[in-house]
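input-v4.csv follows; it contains CSV, C-alpha atoms.
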chain,number,residue,atom,x,y,z
G,1,MET,CA,44.7,-27.4,-34.7
G,2,LYS,CA,44.7,-27.8,-30.9
G,3,LYS,CA,46.6,-24.5,-30.6
G,4,MET,CA,44.0,-22.8,-32.8
G,5,SER,CA,41.0,-23.9,-30.8
G,6,LEU,CA,42.8,-22.9,-27.6
G,7,ILE,CA,43.4,-19.4,-28.9
G,8,ALA,CA,39.8,-19.1,-30.1
G,9,THR,CA,38.4,-20.3,-26.8
G,10,SER,CA,40.6,-17.8,-24.9
G,11,LEU,CA,39.5,-15.0,-27.1
G,12,LEU,CA,35.8,-15.9,-26.8
G,13,LEU,CA,36.1,-16.1,-23.0
G,14,GLY,CA,37.7,-12.7,-23.0
G,15,ALA,CA,35.0,-11.2,-25.2
G,16,SER,CA,32.2,-12.6,-23.0
G,17,VAL,CA,33.8,-11.1,-19.8
G,18,LEU,CA,33.9,-7.8,-21.6
G,19,ILE,CA,30.3,-8.0,-22.7
G,20,SER,CA,28.7,-9.2,-19.4
G,21,PRO,CA,28.8,-5.9,-17.5
G,22,ILE,CA,26.9,-4.2,-20.4
G,23,THR,CA,24.2,-6.9,-20.3
G,24,GLN,CA,23.8,-6.5,-16.5
G,25,ALA,CA,23.5,-2.7,-16.8
G,26,TYR,CA,20.8,-3.1,-19.3
G,27,ALA,CA,18.9,-5.6,-17.1
G,28,GLU,CA,18.8,-3.1,-14.2
G,29,GLY,CA,17.4,-0.5,-16.5
G,30,SER,CA,16.3,2.1,-13.9
G,31,ASP,CA,18.1,4.9,-12.0
G,32,VAL,CA,16.6,3.6,-8.8
G,33,VAL,CA,18.9,1.9,-6.3
G,34,VAL,CA,17.5,-0.1,-3.4
G,35,GLU,CA,19.6,0.9,-0.4
G,36,SER,CA,17.8,-1.2,2.1
G,37,GLU,CA,14.5,-3.1,2.3
G,38,GLY,CA,13.1,-5.6,4.7
G,39,THR,CA,10.6,-6.8,7.3
G,40,LEU,CA,11.6,-5.9,10.9
G,41,THR,CA,12.1,-8.9,13.2
G,42,THR,CA,10.9,-6.7,16.1
G,43,PRO,CA,8.3,-4.2,15.0
G,44,ILE,CA,8.8,-0.6,16.3
G,45,GLU,CA,6.0,1.2,18.1
G,46,LYS,CA,6.3,5.0,17.5
G,47,ASP,CA,4.3,8.3,17.2
G,48,ILE,CA,2.6,7.5,20.5
G,49,LYS,CA,-0.2,10.0,21.1
G,50,SER,CA,-2.2,10.2,24.4
G,51,TYR,CA,-5.8,11.4,24.6
G,52,SER,CA,-7.7,12.7,27.5
G,53,THR,CA,-10.2,10.3,29.0
G,54,SER,CA,-13.0,10.5,31.5
G,55,THR,CA,-12.0,10.6,35.2
G,56,PRO,CA,-11.2,7.0,36.3
G,57,GLY,CA,-13.5,5.6,38.9
G,58,SER,CA,-16.4,7.9,38.1
G,59,ALA,CA,-19.4,6.2,36.5
G,60,SER,CA,-21.4,8.0,33.9
G,61,ALA,CA,-24.9,9.3,34.7
G,62,LEU,CA,-26.3,6.3,32.9
G,63,ALA,CA,-24.4,3.9,35.0
G,64,VAL,CA,-25.7,5.4,38.2
G,65,ASP,CA,-29.3,5.3,37.1
G,66,TYR,CA,-29.4,2.1,35.2
G,67,SER,CA,-28.0,-1.4,35.2
G,68,GLY,CA,-25.5,-2.4,32.6
G,69,THR,CA,-21.9,-3.0,31.5
G,70,TYR,CA,-19.6,0.0,30.8
G,71,TYR,CA,-16.0,0.7,30.0
G,72,GLN,CA,-14.3,3.2,32.3
G,73,MET,CA,-11.4,4.3,30.3
G,74,SER,CA,-8.3,5.6,32.1
G,75,GLU,CA,-5.9,5.6,29.2
G,76,LYS,CA,-6.2,6.0,25.5
G,77,LYS,CA,-3.2,6.1,23.2
G,78,THR,CA,-2.7,5.7,19.5
G,79,TYR,CA,0.6,4.6,17.9
G,80,ASN,CA,2.1,3.3,14.7
G,81,LYS,CA,3.6,-0.1,14.6
G,82,VAL,CA,6.3,-0.2,11.9
G,83,GLU,CA,6.7,-3.7,10.4
G,84,TRP,CA,8.6,-3.0,7.2
G,85,THR,CA,11.1,-0.3,6.1
G,86,ALA,CA,12.9,0.5,2.9
G,87,SER,CA,15.2,3.1,1.4
G,88,TYR,CA,15.6,4.0,-2.3
G,89,SER,CA,17.7,6.4,-4.2
G,90,ASN,CA,16.5,7.7,-7.6
G,91,GLY,CA,19.5,9.2,-9.3
G,92,GLY,CA,17.5,10.0,-12.5
G,93,LYS,CA,15.8,13.3,-13.3
G,94,LYS,CA,12.4,11.7,-13.8
G,95,ASP,CA,10.1,10.4,-11.1
G,96,ASP,CA,9.9,6.6,-10.8
G,97,SER,CA,7.8,4.3,-8.8
G,98,VAL,CA,8.4,1.2,-6.7
G,99,SER,CA,5.8,-1.5,-5.9
G,100,ARG,CA,6.3,-4.0,-3.1
G,101,LYS,CA,4.1,-6.8,-1.7
G,102,VAL,CA,4.3,-6.2,2.0
G,103,THR,CA,2.7,-8.0,4.9
G,104,ARG,CA,1.4,-6.4,8.1
G,105,THR,CA,-0.6,-7.8,11.0
G,106,LYS,CA,-4.2,-7.0,12.0
G,107,PHE,CA,-4.5,-7.6,15.7
G,108,ALA,CA,-6.8,-7.2,18.7
G,109,ASN,CA,-5.6,-8.7,21.9
G,110,GLY,CA,-4.8,-8.2,25.6
G,111,LYS,CA,-7.0,-8.3,28.7
G,112,ALA,CA,-10.6,-7.2,28.2
G,113,GLY,CA,-12.3,-8.1,31.5
G,114,LEU,CA,-13.4,-11.7,32.1
G,115,ALA,CA,-12.0,-14.1,29.4
G,116,ALA,CA,-15.5,-15.5,28.6
G,117,GLU,CA,-16.8,-11.9,28.0
G,118,SER,CA,-13.8,-10.5,26.2
G,119,LYS,CA,-15.5,-10.5,22.7
G,120,VAL,CA,-18.5,-8.6,24.0
G,121,ASN,CA,-16.3,-6.3,26.1
G,122,TYR,CA,-14.1,-5.6,23.1
G,123,LYS,CA,-17.1,-4.1,21.3
G,124,ILE,CA,-17.9,-1.9,24.3
G,125,ILE,CA,-14.3,-0.8,24.5
G,126,GLN,CA,-14.2,0.2,20.8
G,127,GLY,CA,-17.4,2.2,21.3
G,128,LYS,CA,-15.8,4.2,24.2
G,129,VAL,CA,-12.5,4.7,22.4
G,130,THR,CA,-14.4,5.8,19.3
G,131,ILE,CA,-12.0,4.0,17.0
G,132,ASN,CA,-13.2,0.8,15.4
G,133,GLY,CA,-10.6,-2.0,15.2
G,134,GLU,CA,-10.1,-3.9,12.0
G,135,GLY,CA,-9.6,-7.4,13.3
G,136,SER,CA,-11.5,-10.0,15.4
G,137,TRP,CA,-10.8,-10.2,19.1
G,138,GLY,CA,-8.0,-12.5,20.1
G,139,LYS,CA,-6.7,-13.0,16.6
G,140,SER,CA,-3.7,-11.8,14.7
G,141,THR,CA,-4.1,-11.9,10.9
G,142,SER,CA,-1.4,-11.3,8.3
G,143,VAL,CA,-2.5,-9.1,5.4
G,144,GLU,CA,-0.5,-8.8,2.2
G,145,THR,CA,-1.0,-5.8,-0.1
G,146,ASN,CA,0.9,-4.6,-3.1
G,147,ASN,CA,1.9,-1.0,-2.3
G,148,THR,CA,3.1,1.5,-4.8
G,149,TRP,CA,5.0,4.7,-3.9
G,150,THR,CA,6.5,7.2,-6.3
G,151,LEU,CA,10.1,8.1,-6.1
G,152,GLU,CA,11.0,11.6,-7.0
G,153,GLY,CA,13.9,12.3,-9.3
G,154,LYS,CA,17.3,13.1,-7.7
G,155,SER,CA,16.1,12.1,-4.3
G,156,LYS,CA,16.4,9.5,-1.6
G,157,THR,CA,13.2,8.1,-0.2
G,158,THR,CA,12.7,6.2,3.0
G,159,ILE,CA,9.4,4.4,3.6
G,160,GLU,CA,7.9,2.8,6.7
G,161,PHE,CA,4.9,0.5,6.5
G,162,GLY,CA,2.8,-1.2,9.2
G,163,SER,CA,-0.4,-0.7,11.2
G,164,SER,CA,-1.9,2.2,13.2
G,165,ALA,CA,-3.1,0.9,16.5
G,166,VAL,CA,-4.8,1.8,19.8
G,167,HIS,CA,-3.6,1.0,23.4
G,168,THR,CA,-6.3,1.5,26.0
G,169,LYS,CA,-6.4,0.8,29.7
G,170,GLY,CA,-9.3,1.0,32.2
G,171,ASN,CA,-12.0,-1.2,33.7
G,172,ILE,CA,-15.1,-3.0,32.6
G,173,VAL,CA,-17.6,-2.2,35.2
G,174,LYS,CA,-21.0,-3.7,35.9
G,175,TYR,CA,-23.8,-1.8,37.6
G,176,ASN,CA,-27.0,-3.1,39.0
G,177,ARG,CA,-29.6,-0.4,39.7
G,178,GLY,CA,-26.8,2.1,40.1
G,179,LYS,CA,-24.7,-0.2,42.4
G,180,LEU,CA,-21.2,-1.3,41.2
G,181,VAL,CA,-21.3,-5.1,41.3
G,182,ARG,CA,-18.2,-6.0,39.3
G,183,LYS,CA,-14.9,-4.4,38.1
G,184,ASP,CA,-12.5,-6.1,35.8
G,185,PRO,CA,-9.2,-4.6,34.5
G,186,VAL,CA,-8.7,-3.8,30.8
G,187,ASP,CA,-5.4,-3.5,28.9
G,188,VAL,CA,-6.0,-3.9,25.2
G,189,LYS,CA,-4.1,-3.2,22.0
G,190,TYR,CA,-5.8,-3.3,18.6
G,191,SER,CA,-5.0,-2.2,15.1
G,192,TYR,CA,-7.4,-0.1,13.1
G,193,GLN,CA,-5.8,0.6,9.7
G,194,GLU,CA,-2.6,0.3,7.7
G,195,TYR,CA,0.2,2.9,8.2
G,196,SER,CA,2.6,4.2,5.7
G,197,ILE,CA,4.9,7.2,5.8
G,198,LYS,CA,7.4,8.4,3.2
G,199,LYS,CA,10.2,10.8,3.7
G,200,VAL,CA,12.1,12.4,0.8
G,201,LYS,CA,15.5,14.0,0.8
G,202,SER,CA,17.1,15.7,-2.2
G,203,LEU,CA,20.3,14.0,-3.5
V,1,MET,CA,49.1,-20.5,-40.1
V,2,LEU,CA,49.0,-17.8,-37.4
V,3,LYS,CA,47.1,-15.5,-39.8
V,4,ARG,CA,44.5,-18.2,-40.4
V,5,ILE,CA,44.1,-18.8,-36.6
V,6,LEU,CA,43.7,-15.1,-36.0
V,7,SER,CA,41.1,-14.7,-38.8
V,8,ILE,CA,39.1,-17.7,-37.6
V,9,SER,CA,39.2,-16.3,-34.0
V,10,PHE,CA,38.1,-12.9,-35.3
V,11,ILE,CA,35.1,-14.6,-37.1
V,12,LEU,CA,34.2,-16.5,-33.9
V,13,ILE,CA,34.3,-13.3,-31.8
V,14,VAL,CA,32.1,-11.4,-34.3
V,15,LEU,CA,29.7,-14.4,-34.3
V,16,SER,CA,29.5,-14.6,-30.5
V,17,ILE,CA,28.9,-10.8,-30.2
V,18,THR,CA,26.2,-11.0,-32.8
V,19,LEU,CA,24.6,-13.9,-31.0
V,20,LEU,CA,24.7,-12.1,-27.6
V,21,GLY,CA,23.3,-9.1,-29.3
V,22,CYS,CA,20.4,-11.2,-30.6
V,23,ASP,CA,19.8,-12.6,-27.2
V,24,LYS,CA,19.6,-9.0,-25.7
V,25,THR,CA,17.2,-7.9,-28.4
V,26,THR,CA,15.1,-11.0,-27.8
V,27,SER,CA,14.9,-10.2,-24.1
V,28,LYS,CA,13.9,-6.6,-24.8
V,29,SER,CA,11.3,-7.8,-27.3
V,30,THR,CA,9.9,-10.3,-24.8
V,31,GLU,CA,9.7,-7.6,-22.2
V,32,ASN,CA,7.8,-5.4,-24.5
V,33,ASN,CA,5.5,-8.2,-25.4
V,34,GLN,CA,4.8,-8.8,-21.8
V,35,LYS,CA,3.7,-5.2,-21.4
V,36,GLU,CA,1.7,-4.9,-24.6
V,37,GLU,CA,0.1,-8.3,-25.1
V,38,PRO,CA,-2.5,-9.7,-22.8
V,39,SER,CA,-2.0,-13.0,-21.0
V,40,SER,CA,-4.0,-15.8,-22.4
V,41,GLU,CA,-4.6,-17.1,-18.9
V,42,THR,CA,-7.9,-16.3,-17.2
V,43,SER,CA,-7.9,-15.7,-13.5
V,44,ASN,CA,-10.7,-15.7,-11.0
V,45,SER,CA,-9.8,-12.6,-9.1
V,46,ILE,CA,-7.7,-9.5,-9.4
V,47,SER,CA,-4.0,-10.2,-8.6
V,48,ALA,CA,-2.0,-8.0,-6.3
V,49,ASP,CA,1.1,-8.8,-8.5
V,50,ASP,CA,-0.3,-6.7,-11.4
V,51,LEU,CA,-1.2,-3.7,-9.2
V,52,THR,CA,1.9,-1.7,-9.8
V,53,GLY,CA,3.0,1.7,-11.1
V,54,GLU,CA,3.7,-0.1,-14.4
V,55,ASN,CA,0.0,-0.8,-14.9
V,56,ILE,CA,-1.8,2.0,-13.0
V,57,ALA,CA,-1.3,5.7,-13.5
V,58,TRP,CA,-3.3,8.7,-12.1
V,59,GLU,CA,-3.9,12.4,-12.3
V,60,PRO,CA,-3.9,14.2,-9.0
V,61,LEU,CA,-6.8,13.6,-6.7
V,62,ASN,CA,-9.3,16.5,-6.6
V,63,ILE,CA,-11.5,17.0,-3.4
V,64,GLU,CA,-14.6,19.2,-3.3
V,65,ARG,CA,-16.5,20.2,-0.2
V,66,THR,CA,-20.2,19.5,-0.5
V,67,THR,CA,-23.2,20.0,1.7
V,68,LYS,CA,-23.1,16.3,2.7
V,69,GLY,CA,-19.3,16.0,3.1
V,70,LEU,CA,-16.6,15.5,0.4
V,71,THR,CA,-16.5,14.4,-3.2
V,72,PHE,CA,-13.4,12.8,-4.4
V,73,ASN,CA,-12.5,12.9,-8.1
V,74,ILE,CA,-9.6,11.1,-9.6
V,75,ASN,CA,-8.7,10.0,-13.1
V,76,VAL,CA,-7.1,6.6,-13.1
V,77,GLY,CA,-5.0,5.3,-16.1
V,78,ILE,CA,-4.8,1.6,-16.9
V,79,ARG,CA,-2.3,0.2,-19.3
V,80,ASP,CA,-3.8,-1.2,-22.5
V,81,SER,CA,-2.4,-4.7,-22.0
V,82,TYR,CA,-3.7,-4.8,-18.4
V,83,ILE,CA,-7.2,-3.7,-19.5
V,84,GLU,CA,-7.3,-6.8,-21.6
V,85,LYS,CA,-6.2,-8.9,-18.7
V,86,LEU,CA,-8.8,-7.2,-16.4
V,87,SER,CA,-11.6,-7.8,-18.9
V,88,GLN,CA,-10.9,-11.5,-18.7
V,89,LEU,CA,-11.4,-11.7,-15.0
V,90,ASN,CA,-14.3,-13.7,-13.7
V,91,SER,CA,-14.9,-11.7,-10.6
V,92,ASP,CA,-15.5,-8.1,-9.6
V,93,TRP,CA,-12.9,-5.6,-8.4
V,94,TYR,CA,-13.3,-2.2,-7.0
V,95,VAL,CA,-11.6,1.2,-6.5
V,96,THR,CA,-11.9,3.5,-3.6
V,97,ILE,CA,-10.2,6.4,-1.8
V,98,SER,CA,-9.2,6.1,1.9
V,99,ASP,CA,-7.3,8.2,4.3
V,100,LYS,CA,-3.6,7.6,4.6
V,101,SER,CA,-2.0,6.7,7.9
V,102,SER,CA,-4.8,7.6,10.2
V,103,THR,CA,-4.3,11.4,9.7
V,104,LEU,CA,-8.1,11.8,9.3
V,105,THR,CA,-9.3,9.2,11.9
V,106,ASN,CA,-11.4,11.8,13.9
V,107,ILE,CA,-12.3,13.9,10.8
V,108,LEU,CA,-13.9,11.5,8.3
V,109,ASP,CA,-17.2,10.0,9.4
V,110,PRO,CA,-16.6,6.2,9.8
V,111,LYS,CA,-20.4,5.7,9.2
V,112,SER,CA,-20.2,7.1,5.7
V,113,PRO,CA,-16.9,6.3,4.1
V,114,PRO,CA,-16.5,6.4,0.3
V,115,ILE,CA,-18.2,3.3,-1.2
V,116,PRO,CA,-15.9,1.3,-3.5
V,117,VAL,CA,-16.9,1.5,-7.1
V,118,LYS,CA,-16.4,-0.7,-10.2
V,119,ILE,CA,-14.6,0.8,-13.2
V,120,ASN,CA,-16.4,0.2,-16.5
V,121,LEU,CA,-13.5,-0.7,-18.7
V,122,ASP,CA,-15.6,0.0,-21.9
V,123,SER,CA,-16.2,3.6,-21.0
V,124,PRO,CA,-12.9,5.5,-20.7
V,125,LEU,CA,-12.9,9.2,-20.2
V,126,LYS,CA,-10.0,9.5,-22.7
V,127,LYS,CA,-7.4,7.5,-24.5
V,128,ASP,CA,-3.7,7.9,-24.1
V,129,THR,CA,-0.9,6.4,-26.1
V,130,ASN,CA,-0.5,3.2,-24.0
V,131,LYS,CA,-3.4,3.5,-21.6
V,132,ASN,CA,-7.1,4.4,-21.1
V,133,ILE,CA,-8.0,7.0,-18.5
V,134,TYR,CA,-11.1,6.4,-16.4
V,135,SER,CA,-12.9,8.9,-14.2
V,136,VAL,CA,-13.7,7.8,-10.7
V,137,SER,CA,-16.0,9.9,-8.4
V,138,LEU,CA,-16.7,9.0,-4.8
V,139,ASN,CA,-18.5,10.6,-1.8
V,140,GLY,CA,-17.5,10.5,1.8
V,141,GLY,CA,-18.9,12.0,5.0
V,142,LEU,CA,-17.3,14.3,7.5
V,143,ILE,CA,-17.7,14.4,11.3
V,144,GLU,CA,-19.8,17.4,12.4
V,145,ASN,CA,-18.3,20.6,13.9
V,146,LEU,CA,-14.8,20.3,12.5
V,147,SER,CA,-12.3,23.1,13.1
V,148,GLU,CA,-10.8,24.9,10.2
V,149,ASN,CA,-7.5,23.1,10.6
V,150,GLN,CA,-9.3,19.7,10.5
V,151,LEU,CA,-11.3,20.7,7.4
V,152,ASN,CA,-8.0,21.7,5.7
V,153,LEU,CA,-6.6,18.3,6.5
V,154,ALA,CA,-9.7,16.7,5.0
V,155,LEU,CA,-9.4,18.7,1.8
V,156,ASP,CA,-5.7,18.0,1.4
V,157,PRO,CA,-5.2,15.2,-1.3
V,158,ALA,CA,-1.8,14.3,0.2
V,159,ASN,CA,-3.8,12.7,3.1
V,160,TYR,CA,-5.4,10.0,0.9
V,161,GLN,CA,-4.5,6.9,-1.0
V,162,LEU,CA,-6.1,4.9,-3.8
V,163,ASP,CA,-7.1,1.4,-2.9
V,164,ILE,CA,-7.9,-1.5,-5.3
V,165,LEU,CA,-10.1,-4.2,-3.8
V,166,ASN,CA,-10.9,-7.7,-4.8
V,167,GLU,CA,-14.3,-9.3,-5.1
V,168,LYS,CA,-14.5,-9.7,-1.3
V,169,GLN,CA,-13.8,-6.0,-1.0
V,170,GLU,CA,-10.4,-6.7,0.6
V,171,VAL,CA,-7.7,-4.2,-0.3
V,172,VAL,CA,-5.1,-5.9,-2.5
V,173,GLY,CA,-3.3,-2.9,-4.0
V,174,ILE,CA,-2.5,0.5,-2.5
V,175,PHE,CA,-1.3,3.5,-4.4
V,176,TYR,CA,0.2,6.4,-2.4
V,177,ASP,CA,1.2,9.9,-3.5
V,178,ILE,CA,-2.0,10.5,-5.4
V,179,ASN,CA,-1.7,14.2,-4.8
V,180,LYS,CA,0.8,14.2,-7.6
V,181,PRO,CA,0.5,12.8,-11.1
V,182,TRP,CA,2.0,9.5,-12.0
V,183,SER,CA,2.3,8.0,-15.5
V,184,PHE,CA,4.2,5.4,-17.4

Let me see whether you can do it: turn the structure in this file into structure tokens.
Amino acid sequence: MKKMSLIATSLLLGASVLISPITQAYAEGSDVVVESEGTLTTPIEKDIKSYSTSTPGSASALAVDYSGTYYQMSEKKTYNKVEWTASYSNGGKKDDSVSRKVTRTKFANGKAGLAAESKVNYKIIQGKVTINGEGSWGKSTSVETNNTWTLEGKSKTTIEFGSSAVHTKGNIVKYNRGKLVRKDPVDVKYSYQEYSIKKVKSL
Amino acid sequence: MLKRILSISFILIVLSITLLGCDKTTSKSTENNQKEEPSSETSNSISADDLTGENIAWEPLNIERTTKGLTFNINVGIRDSYIEKLSQLNSDWYVTISDKSSTLTNILDPKSPPIPVKINLDSPLKKDTNKNIYSVSLNGGLIENLSENQLNLALDPANYQLDILNEKQEVVGIFYDINKPWSF
């Protein structure tokens, strides 16, 4: 009897080992293979674009004639801050899709004139840069969204996700009846929208 | 004796394979049920977890130039089971179109972006086998004096994404590649 149960157990074990790969294959279900996926520990800043600015040091006509606070911009750059990357292969003929909950950071920080006036100065800076930021001054906020990309059949897709941002330098200047009374340096970085790019290569 | 042992072993193997097969069928059945049957739970706001390519489909975005700017038209498909879940929500959710990856930062007028709209789940444009198709139309402004190249960028559906927003009008789900159809 002992011998019988031993043989039966061995046969059962053998059968389950044979069956398990089939079950696993079913569970995967799709032709999509995740080749890599993850949040970058050190975000990458790329696609840096420089824009022309007004001549540094020269005040606008308004500043000469009137009193007020202005931003004299000497540098305006936009860039993409990559915080998450992934790579997928779709070996099937049909398109597929992938959805991932990904976090990025909304930010607005740096030096914007006097610390006590930074919030107000940040508004002036955005007006001059002509790109509105998405976050509050001095804060970094994590935002999570569920993103869906399509994956074309017989292709390898690489995806980058993060934030589009501005880097600007210059001075906050104060004029009193056309006379320069104060000049404080500015070096500010702020995000203005989410960034995503997808590159597809045929398999 | 050996014959008896072998026949009992054979029966046991057949029995175990049958049981494993049942388990597999049950898993499949459960999976189907999850897709087709609505959840009995009611939630206060739209969940990002559900905003996937399994629940949302679309026909390619169409963009028309108007005297005031641009009109965006897109047909959005929602899976039947998800419609039932959405209809149980206690708070509003919205759909809008926005530019993808800042390509159109100096082209679309930031003062008149497309205003997010609600989808009336009871008024589909058409019915598909496993989903309802809803028509979404939005208007957006353009910056004045655009070059021909800038205008072409603004009219290219590949430069846009479909956003789904919660009751606070915060984006919770983003769908890319809306220049090409996606279905499930």

Could you name the residues that touch G:Tyr195 at 10 Å or less, counting all atoms listed in the file, but leaving out those on the same chain fewer than 4 positions away, as a PyMOL selection string? (chain G and resi 79-83+104+160-165) or (chain V and resi 99-103)

Please report as a list in words which residues of chain V come no farther than 7 Å from chain G, using all atoms listed in the file.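 That gives Ile5, Ser9, Ile13, Ala48, Asp49, Leu51, Thr52, Gly53, Ser101, Ser102, Val171, Val172, Gly173, Ile174, Phe175, Tyr176 and Asp177 of chain V for chain V.
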
Provide the atom CA of V:Gln161 to atom CA of G:Lys49 distance in Å, to one decimal place.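 Atom CA of G:Lys49 lies at a distance of 22.7 Å from atom CA of V:Gln161.
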
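Here atom CA of V:Ser137 and atom CA of V:Val117 stand 8.5 Å from one another.
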
Is it possible to get the residues within 8 Å of (9.7, 11.0, 5.3) (coordinates as in the file, counting only C-alpha atoms) written as a list in words?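 Every residue inside that radius is included here: Thr157, Thr158, Ile159, Ile197, Lys198, Lys199, Val200 and Lys201 of chain G.
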
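Candidate residues V:Asn120, V:Thr105, V:Asn145, V:Asn62 were compared for distance to V:Pro157, and the nearest is V:Asn62, using only C-alpha atoms.
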
For G:Lys94, which residue out of G:Pro43, G:Pro185, G:Gly153, G:Gly170 is the nearest one, using all atoms listed in the file?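 Of G:Pro43, G:Pro185, G:Gly153, G:Gly170, the one nearest G:Lys94 is G:Gly153, counting all atoms listed in the file.
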
Shell of 9 Å around V:Phe72, only C-alpha atoms, local chain residues under 6 positions omitted, as a compact mmCIF listing (two decimals) with C-alpha atoms, in the coordinates of the input:
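Output file out-v9.txt is given in full below:
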# COMPACT_ATOMS: atom_id res chain seq x y z
CA LEU V 61 -6.80 13.60 -6.70
CA ASN V 62 -9.30 16.50 -6.60
CA ILE V 63 -11.50 17.00 -3.40
CA GLU V 64 -14.60 19.20 -3.30
CA ILE V 97 -10.20 6.40 -1.80
CA PRO V 114 -16.50 6.40 0.30
CA VAL V 136 -13.70 7.80 -10.70
CA SER V 137 -16.00 9.90 -8.40
CA LEU V 138 -16.70 9.00 -4.80
CA ASN V 139 -18.50 10.60 -1.80
CA GLY V 140 -17.50 10.50 1.80

I need every residue sitting at most 10 Å from the point (-0.3, 2.7, -15.1) (coordinates as in the file, all atoms listed in the file considered), written as a PyMOL selection string. chain V and resi 51-58+76-80+82+130-133+182-184

Expressed in Å, the length from atom CA of V:Lys85 to atom CA of V:Asp50 is 9.6 Å

Nearest candidate to G:Ser74 (options G:His167, G:Lys111, G:Lys189, G:Lys93; using all atoms listed in the file): G:His167

Need to verify the contact set: G:Leu203, 9 Å, all atoms listed in the file, exclusion of same-chain residues closer than 4 positions in sequence. Can you return it as a PDB file with C-alpha atoms, in the frame of the given file?
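To be explicit, this is the file written out as around-v6.pdb:
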ATOM      1  CA  SER G  89      17.700   6.400  -4.200  1.00  0.00           C
ATOM      2  CA  ASN G  90      16.500   7.700  -7.600  1.00  0.00           C
ATOM      3  CA  GLY G  91      19.500   9.200  -9.300  1.00  0.00           C
ATOM      4  CA  GLY G 153      13.900  12.300  -9.300  1.00  0.00           C
ATOM      5  CA  LYS G 154      17.300  13.100  -7.700  1.00  0.00           C
ATOM      6  CA  SER G 155      16.100  12.100  -4.300  1.00  0.00           C
ATOM      7  CA  LYS G 156      16.400   9.500  -1.600  1.00  0.00           C
TER       8      LYS G 156
END

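For the set V:Lys180, V:Lys118, V:Arg65, V:Lys111, the residue with the smallest atom-to-atom gap to V:Ala154 is V:Arg65, counting only C-alpha atoms.
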
Which residue out of G:Ser136, G:Gln72, G:Ser36, G:Ser202 has the minimum interatomic distance to G:Lys183 when all atoms listed in the file are used?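 Checking each candidate against G:Lys183, we get G:Gln72 as the closest.
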
Using only C-alpha atoms, pick whichever of G:Tyr66, G:Tyr71, G:Val186, G:Ile44 has the shortest atom-to-atom distance to G:Leu114.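 For G:Leu114, the nearest of the candidates is G:Val186.
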